[in-house]
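A.B. asks: For reference, the structure I am asking about is given below.
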Amino acid sequence: MKTLQEFADALTEAQKARKLTARELADSVGLSDLSVRKILSGQTAPRLTNAMALASELGFELVLVPKEVVQSISGAPKKPRSVLSNVERRLSLARKFGEDDQGDK
């Protein structure tokens with residue numbers, strides 16, 4: 001999920017699946033009914049603690065995940081790294097010189 005609206009949509013879908021009203025959800029997490037409705041509609045960005053409370057109440061866990069993990073889970077192609085380690089650089093050079101040597105034979 002990359003946008004506030006996607007976050008709001010996921011919470012709204014879970015709210016509907018649990019058959020909770022905005023007021024019931026608000027009461028369970030200690031927020032006002034208006035605040036919950038604005039968060040669920042994507043009109044306002046919740047504070048992190050409020051997002052965590054809403055997510056938890058709706059059966060989610062907010063977790064920070066490294067981008068590489070997200071890419072591997074989503075099947076998105078990996079971007080080539082622009083910085084190589086010393087080992088990777090030496091392997092690349094060894095492969096390059098190995099190919100040059102084979103071309104001379």
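By convention here, the chains of the structure tokens are called A, B, ... in the order presented, each chain's residues are numbered starting at 1, and ligands are numbered starting at 1 in the order presented.
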Tell me which protein, DNA and RNA residues are within 9 Å of Leu54 of chain A, counting only C-alpha atoms, leaving out same-chain ones fewer than 4 positions away, and put them as a VMD selection string.

C.D. replies: chain A and resid 11 25 to 26 28 to 29 36 49 to 50 58 to 60

A.B. asks: To test your reading of the structure, identify every residue in segment 22-78 of chain A that backbone DSSP assigns to helix (DSSP H, G or I), and report it as JSON, numbers by chain.

C.D. replies: {"A": [22, 23, 24, 25, 26, 27, 28, 29, 33, 34, 35, 36, 37, 38, 39, 40, 41, 48, 49, 50, 51, 52, 53, 54, 55, 56, 57, 67, 68, 69, 70, 71, 72, 73, 74]}

A.B. asks: Go through A:Ala94, A:Ala55, A:Ala10, A:Leu40 and flag the residue nearest Ala22 of chain A, using only C-alpha atoms for the distances.

C.D. replies: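 Of A:Ala94, A:Ala55, A:Ala10, A:Leu40, the one nearest Ala22 of chain A, counting only C-alpha atoms, is A:Leu40.
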
A.B. asks: If I take atom CA of Ser82 of chain A and atom CA of Lys2 of chain A, how far is one from the other in Å, to one decimal?

C.D. replies: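 Between these atoms lies a distance of 23.8 Å.
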
A.B. asks: Using only C-alpha atoms, which residue out of A:Gly30, A:Thr21, A:Ser35, A:Val70 lies closest to Ala53 of chain A?

C.D. replies: A:Gly30

A.B. asks: How many Å separate atom CA of Leu34 of chain A from atom CA of Ala8 of chain A?

C.D. replies: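 These two atoms are separated by 14.3 Å.
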
A.B. asks: Tell me, in Å to one decimal, how far atom CA of Ile73 of chain A is from atom CA of Leu91 of chain A.

C.D. replies: 28.2 Å
